Amino acid sequence: MPERRTVALVTLGCARNEVDSEELAGRLEADGWQLVEDAEDADVAVVNTCGFVEAAKKDSVDALLEANDLKGHGKTQAVVAVGCMAERYGKELADALPEADGVLGFDDYSDISNRLQTILSGGSVEAHTPRDRRKLLPISPAERQDAGAGVALPGHAPVEAPEDLPEGVAPASGPRAPLRRRLGSNPVASVKLASGCDRRCSFCAIPSFRGSFISRRPSDVLGETRWLAEQGVKEVMLVSENNTSYGKDLGDIRLLETLLPELAAVDGIERIRVSYLQPAEMRPGLIDVLTSTEKVAPYFDLSFQHSAPGVLRAMRRFGDTDRFLELLDTIRSKAPQAGVRSNFIVGFPGETEGDVAELERFLTGARLDAIGVFGYSDEDGTEAATYDGKLDQDVVDERLAHIARLAEDLTSQRAEERLGESVEVLVESLDEEEGPLGRAAHQAPETDGQIRLTGPGASEGLQVGRMVMAKVVGTEGVDLVAECPEEAGR
């Protein structure tokens, strides 16, 4: 019997990429590949790249070069780029980075096994020519579901599942869904609610390479959540480019409000979290469900981006400081402990000192739990790249540093406001030095800080995946320290 080929998946970027990597892992293992954790132990290293901003693209290139350095020193024979950067640049990336033995786009995912076999056998797979994926689906959302069957949609694509799947690999939600294989044992997993985006923010290139918005059917999302619960997952995070639009192409823009209680009722799931919400699309019914449904985290990942009206209009977005603060007041009137995070761009073309002051006014009044700040940079193919009024880089850098310092101070203050609160913590790791570490409902994975558990309930015997009640007794920047009594969890 020939030795199984080995493959390692290196994932960069957001939670959506993590889901895509687990889909690729499921496809490959079902086709006989052996998954290994480290690239140096694999015949082929597959790097799932990010193409969002310049810093992320640099990280992707660095990861490809690092994997390439393994060739000739160990088992690794080939390095292949997939993901957003590969999809966005295709042949251009292949020409600029000859160290990559293959650059595969989304259309290659359904035949990923054969593509990798060809590369390992010394053959070549032509890098794809990028195209505007918004044009692959109908303009009308109502017509997209039928048309989507013929378009590569990572996280959606139907497969013909082999009769005998390896243990741990399953069609995550029935015959319509992709195969999926978990890469790790974290008690938290993401589930794609939709793909693509219909918004036309002037700074963002994502719709051009991720395509138009298309929802997954509720039955598929439920089926995948049930499968993840069987794998030991306790918290599910719903991801897409814009969760507030979920259901619009299925004839029901309020479909998320119906789906969330059903997901929360899945046996074994302790917490459902919704990410990527658009402030302009928030509606009273959705706020009610997010703040009042048992096991649904009162968590609001709101994409504000700025608060000065002129800058927002130039970004082709909506709102202003006062409307955003009113939205936050509405949320906290229903759930005072609700978690809120957001990202902001400073140094946008035409941004004035007055606009920066307006952003400071919003940040000071918003009491956000987590804040991401980015300096503006031109992105290929975006409307903003053509704008006049570009700021000198030193001005952008100065504003970035200033707002980042303010954000650090404000989020630390917000953490201190939580002193004395009772929080339900999902234990995610047991650190030898720090002890049990986890997150409360107001903290999303990777981005929003964590909680270090102390007290009698944090002694030996506490297991990863357990939910425990604790009282916040200290802060460490945005991180919290919480004391849990004995018999504090479930």
# chains A, B, ... in the order shown; residues from 1 in each chain; ligands from 1
>>> residues_around(residues="region 392-409 of chain A", least_positions_apart="4", cutoff="8 Å", atoms="only C-alpha atoms", output="count of residues only")
13
>>> closest_atom_pairs(of="region 184-249 of chain A", to="region 439-445 of chain A", cutoff="12 Å", atoms="only C-alpha atoms", output="tab-separated table")
residue	atom	partner	partner_atom	distance
A:Asn186	CA	A:Pro445	CA	10.5
A:Pro187	CA	A:Pro445	CA	10.8
A:Val188	CA	A:Pro445	CA	8.0
A:Ala189	CA	A:Pro445	CA	9.5
A:Ser190	CA	A:Pro445	CA	10.0
A:Glu235	CA	A:Ala441	CA	10.1
A:Val236	CA	A:Ala444	CA	10.5
A:Met237	CA	A:Ala444	CA	8.4
A:Leu238	CA	A:Ala444	CA	11.1
A:Val239	CA	A:Ala444	CA	11.7
>>> closest_residue(among="A:Ser429, A:Ser219, A:Thr364, A:Thr475", to="Ala458 (chain A)", atoms="only C-alpha atoms")
A:Ser429
>>> residues_around(residues="Ala8 (chain A)", least_positions_apart="5", cutoff="9 Å", atoms="only C-alpha atoms", output="MDAnalysis selection string")
chainID A and resid 25 34:47
>>> residues_around(residues="Gly438 (chain A)", least_positions_apart="3", cutoff="12 Å", atoms="only C-alpha atoms", output="PyMOL selection string")
chain A and resi 186-188+235+423-431+434-435+441-446+448-454+458+462-470+479-482
>>> write_last_selection(atoms="C-alpha atoms", output="short mmCIF file (atom, residue, chain, number, x, y, z; two decimals), in the first residue's frame")
data_model
loop_
_atom_site.label_atom_id
_atom_site.label_comp_id
_atom_site.auth_asym_id
_atom_site.auth_seq_id
_atom_site.Cartn_x
_atom_site.Cartn_y
_atom_site.Cartn_z
CA ASN A 186 -10.48 24.45 20.62
CA PRO A 187 -14.01 24.46 22.08
CA VAL A 188 -14.86 27.39 19.79
CA GLU A 235 -19.25 28.07 21.32
CA VAL A 423 -19.48 36.74 34.03
CA GLU A 424 -19.91 33.31 32.47
CA VAL A 425 -16.52 32.18 31.20
CA LEU A 426 -15.79 29.49 28.63
CA VAL A 427 -12.49 27.86 29.61
CA GLU A 428 -10.26 27.64 26.52
CA SER A 429 -6.85 26.71 27.88
CA LEU A 430 -5.05 25.66 31.05
CA ASP A 431 -1.79 27.60 31.19
CA GLU A 434 -1.29 31.70 34.47
CA GLY A 435 -3.83 28.98 35.20
CA ALA A 441 -19.80 36.71 26.48
CA HIS A 442 -18.41 40.18 25.72
CA GLN A 443 -15.11 38.79 24.37
CA ALA A 444 -14.75 37.21 20.92
CA PRO A 445 -11.87 34.84 20.12
CA GLU A 446 -8.50 36.34 19.17
CA ASP A 448 -11.14 41.05 22.43
CA GLY A 449 -8.92 39.97 25.31
CA GLN A 450 -9.40 37.13 27.76
CA ILE A 451 -10.10 36.28 31.37
CA ARG A 452 -7.69 34.66 33.83
CA LEU A 453 -9.54 32.60 36.41
CA THR A 454 -8.55 32.48 40.06
CA ALA A 458 -10.05 27.48 39.26
CA LEU A 462 -11.23 22.42 35.68
CA GLN A 463 -11.43 21.28 32.07
CA VAL A 464 -11.21 23.05 28.72
CA GLY A 465 -14.70 23.55 27.34
CA ARG A 466 -16.36 24.07 30.69
CA MET A 467 -18.51 27.12 31.40
CA VAL A 468 -17.93 28.67 34.82
CA MET A 469 -19.46 31.59 36.66
CA ALA A 470 -16.95 34.06 38.05
CA ASP A 479 -7.87 41.44 29.97
CA LEU A 480 -9.77 40.61 33.14
CA VAL A 481 -9.08 38.59 36.27
CA ALA A 482 -12.11 36.77 37.66
#
>>> residues_around(residues="Pro485 (chain A)", least_positions_apart="6", cutoff="7 Å", atoms="only C-alpha atoms", output="list in words")
Gly455, Pro456 and Gly457 of chain A
>>> write_last_selection(atoms="all heavy atoms", output="compact mmCIF listing (two decimals), in the first residue's frame")
# COMPACT_ATOMS: atom_id res chain seq x y z
N GLY A 455 -9.20 31.63 42.23
CA GLY A 455 -10.15 31.22 43.26
C GLY A 455 -10.32 29.72 43.35
O GLY A 455 -9.75 28.96 42.57
N PRO A 456 -11.14 29.25 44.30
CA PRO A 456 -11.30 27.81 44.55
C PRO A 456 -11.78 27.04 43.33
O PRO A 456 -11.36 25.91 43.09
CB PRO A 456 -12.36 27.78 45.67
CG PRO A 456 -12.31 29.12 46.30
CD PRO A 456 -11.92 30.08 45.25
N GLY A 457 -12.65 27.66 42.52
CA GLY A 457 -13.18 26.96 41.35
C GLY A 457 -12.21 26.86 40.20
O GLY A 457 -12.49 26.21 39.20
>>> atom_distance(atom1="CA of Pro279 (chain A)", atom2="CA of Pro349 (chain A)")
22.2 Å
>>> select_by_dssp(residues="region 392-458 of chain A", states="helix (DSSP H, G or I)", output="ChimeraX atom specification")
/A:393-417,456-458
>>> write_last_selection(atoms="N, CA and C atoms", output="PDB file, in the first residue's frame")
ATOM      1  N   GLN A 393       1.930  60.415   4.328  1.00  0.00           N
ATOM      2  CA  GLN A 393       2.025  59.227   5.158  1.00  0.00           C
ATOM      3  C   GLN A 393       2.376  59.564   6.598  1.00  0.00           C
ATOM      4  N   ASP A 394       3.193  60.600   6.807  1.00  0.00           N
ATOM      5  CA  ASP A 394       3.547  60.948   8.187  1.00  0.00           C
ATOM      6  C   ASP A 394       2.337  61.461   8.952  1.00  0.00           C
ATOM      7  N   VAL A 395       1.393  62.110   8.249  1.00  0.00           N
ATOM      8  CA  VAL A 395       0.159  62.559   8.893  1.00  0.00           C
ATOM      9  C   VAL A 395      -0.710  61.353   9.262  1.00  0.00           C
ATOM     10  N   VAL A 396      -0.827  60.408   8.327  1.00  0.00           N
ATOM     11  CA  VAL A 396      -1.596  59.191   8.606  1.00  0.00           C
ATOM     12  C   VAL A 396      -0.995  58.452   9.801  1.00  0.00           C
ATOM     13  N   ASP A 397       0.314  58.321   9.804  1.00  0.00           N
ATOM     14  CA  ASP A 397       0.981  57.600  10.895  1.00  0.00           C
ATOM     15  C   ASP A 397       0.778  58.299  12.236  1.00  0.00           C
ATOM     16  N   GLU A 398       0.836  59.629  12.220  1.00  0.00           N
ATOM     17  CA  GLU A 398       0.658  60.392  13.461  1.00  0.00           C
ATOM     18  C   GLU A 398      -0.758  60.216  13.999  1.00  0.00           C
ATOM     19  N   ARG A 399      -1.746  60.288  13.106  1.00  0.00           N
ATOM     20  CA  ARG A 399      -3.131  60.123  13.545  1.00  0.00           C
ATOM     21  C   ARG A 399      -3.388  58.694  14.020  1.00  0.00           C
ATOM     22  N   LEU A 400      -2.797  57.735  13.330  1.00  0.00           N
ATOM     23  CA  LEU A 400      -2.943  56.343  13.734  1.00  0.00           C
ATOM     24  C   LEU A 400      -2.394  56.136  15.146  1.00  0.00           C
ATOM     25  N   ALA A 401      -1.209  56.633  15.398  1.00  0.00           N
ATOM     26  CA  ALA A 401      -0.595  56.471  16.712  1.00  0.00           C
ATOM     27  C   ALA A 401      -1.433  57.151  17.798  1.00  0.00           C
ATOM     28  N   HIS A 402      -1.958  58.333  17.468  1.00  0.00           N
ATOM     29  CA  HIS A 402      -2.754  59.089  18.451  1.00  0.00           C
ATOM     30  C   HIS A 402      -4.041  58.348  18.804  1.00  0.00           C
ATOM     31  N   ILE A 403      -4.783  57.908  17.780  1.00  0.00           N
ATOM     32  CA  ILE A 403      -6.049  57.231  18.037  1.00  0.00           C
ATOM     33  C   ILE A 403      -5.805  55.861  18.668  1.00  0.00           C
ATOM     34  N   ALA A 404      -4.731  55.200  18.291  1.00  0.00           N
ATOM     35  CA  ALA A 404      -4.420  53.899  18.890  1.00  0.00           C
ATOM     36  C   ALA A 404      -4.138  54.047  20.386  1.00  0.00           C
ATOM     37  N   ARG A 405      -3.417  55.105  20.760  1.00  0.00           N
ATOM     38  CA  ARG A 405      -3.159  55.343  22.190  1.00  0.00           C
ATOM     39  C   ARG A 405      -4.462  55.624  22.935  1.00  0.00           C
ATOM     40  N   LEU A 406      -5.315  56.443  22.317  1.00  0.00           N
ATOM     41  CA  LEU A 406      -6.603  56.744  22.929  1.00  0.00           C
ATOM     42  C   LEU A 406      -7.421  55.469  23.080  1.00  0.00           C
ATOM     43  N   ALA A 407      -7.431  54.637  22.049  1.00  0.00           N
ATOM     44  CA  ALA A 407      -8.190  53.389  22.088  1.00  0.00           C
ATOM     45  C   ALA A 407      -7.695  52.481  23.208  1.00  0.00           C
ATOM     46  N   GLU A 408      -6.392  52.418  23.376  1.00  0.00           N
ATOM     47  CA  GLU A 408      -5.829  51.579  24.447  1.00  0.00           C
ATOM     48  C   GLU A 408      -6.280  52.069  25.812  1.00  0.00           C
ATOM     49  N   ASP A 409      -6.251  53.384  26.009  1.00  0.00           N
ATOM     50  CA  ASP A 409      -6.683  53.948  27.291  1.00  0.00           C
ATOM     51  C   ASP A 409      -8.174  53.694  27.525  1.00  0.00           C
ATOM     52  N   LEU A 410      -8.978  53.899  26.487  1.00  0.00           N
ATOM     53  CA  LEU A 410     -10.426  53.774  26.646  1.00  0.00           C
ATOM     54  C   LEU A 410     -10.852  52.331  26.888  1.00  0.00           C
ATOM     55  N   THR A 411     -10.237  51.388  26.200  1.00  0.00           N
ATOM     56  CA  THR A 411     -10.614  49.984  26.410  1.00  0.00           C
ATOM     57  C   THR A 411     -10.154  49.496  27.779  1.00  0.00           C
ATOM     58  N   SER A 412      -9.043  50.017  28.270  1.00  0.00           N
ATOM     59  CA  SER A 412      -8.623  49.683  29.634  1.00  0.00           C
ATOM     60  C   SER A 412      -9.622  50.237  30.652  1.00  0.00           C
ATOM     61  N   GLN A 413     -10.103  51.465  30.397  1.00  0.00           N
ATOM     62  CA  GLN A 413     -11.118  52.041  31.279  1.00  0.00           C
ATOM     63  C   GLN A 413     -12.399  51.222  31.246  1.00  0.00           C
ATOM     64  N   ARG A 414     -12.775  50.775  30.058  1.00  0.00           N
ATOM     65  CA  ARG A 414     -13.993  49.963  29.925  1.00  0.00           C
ATOM     66  C   ARG A 414     -13.841  48.655  30.691  1.00  0.00           C
ATOM     67  N   ALA A 415     -12.654  48.055  30.628  1.00  0.00           N
ATOM     68  CA  ALA A 415     -12.415  46.830  31.384  1.00  0.00           C
ATOM     69  C   ALA A 415     -12.590  47.095  32.884  1.00  0.00           C
ATOM     70  N   GLU A 416     -12.109  48.241  33.356  1.00  0.00           N
ATOM     71  CA  GLU A 416     -12.227  48.566  34.779  1.00  0.00           C
ATOM     72  C   GLU A 416     -13.693  48.753  35.186  1.00  0.00           C
ATOM     73  N   GLU A 417     -14.530  49.206  34.251  1.00  0.00           N
ATOM     74  CA  GLU A 417     -15.958  49.336  34.543  1.00  0.00           C
ATOM     75  C   GLU A 417     -16.592  47.986  34.866  1.00  0.00           C
ATOM     76  N   PRO A 456     -11.138  29.253  44.305  1.00  0.00           N
ATOM     77  CA  PRO A 456     -11.305  27.815  44.549  1.00  0.00           C
ATOM     78  C   PRO A 456     -11.777  27.044  43.328  1.00  0.00           C
ATOM     79  N   GLY A 457     -12.653  27.658  42.520  1.00  0.00           N
ATOM     80  CA  GLY A 457     -13.183  26.961  41.347  1.00  0.00           C
ATOM     81  C   GLY A 457     -12.206  26.855  40.205  1.00  0.00           C
ATOM     82  N   ALA A 458     -11.054  27.514  40.326  1.00  0.00           N
ATOM     83  CA  ALA A 458     -10.048  27.478  39.261  1.00  0.00           C
ATOM     84  C   ALA A 458      -8.922  26.511  39.587  1.00  0.00           C
TER      85      ALA A 458
END
>>> residues_around(residues="Gly251 (chain A)", least_positions_apart="6", cutoff="12 Å", atoms="only C-alpha atoms", output="MDAnalysis selection string")
chainID A and resid 140:145 214:215 217 245
>>> select_by_dssp(residues="region 180-395 of chain A", states="strand (DSSP E or B)", output="VMD selection string")
chain A and resid 180 to 181 188 to 192 194 to 195 214 to 215 235 to 239 271 to 274 277 296 299 to 302 305 339 to 346 370 to 375
>>> residues_around(residues="Ser124 (chain A)", least_positions_apart="4", cutoff="12 Å", atoms="only C-alpha atoms", output="list in words")
Ala78, Val80, Ala94, Ala100, Asp101, Gly102, Val103, Leu104, Asn114, Arg115, Leu116, Gln117, Thr118, Ile119 and Leu120 of chain A
>>> atom_distance(atom1="CA of Gly26 (chain A)", atom2="CA of Leu97 (chain A)")
27.6 Å
>>> closest_residue(among="A:Ala147, A:Cys201, A:Ala30, A:Val79", to="Ala385 (chain A)", atoms="only C-alpha atoms")
A:Cys201
>>> closest_residue(among="A:Val19, A:Cys84, A:Leu64, A:Leu28", to="Cys50 (chain A)", atoms="only C-alpha atoms")
A:Cys84
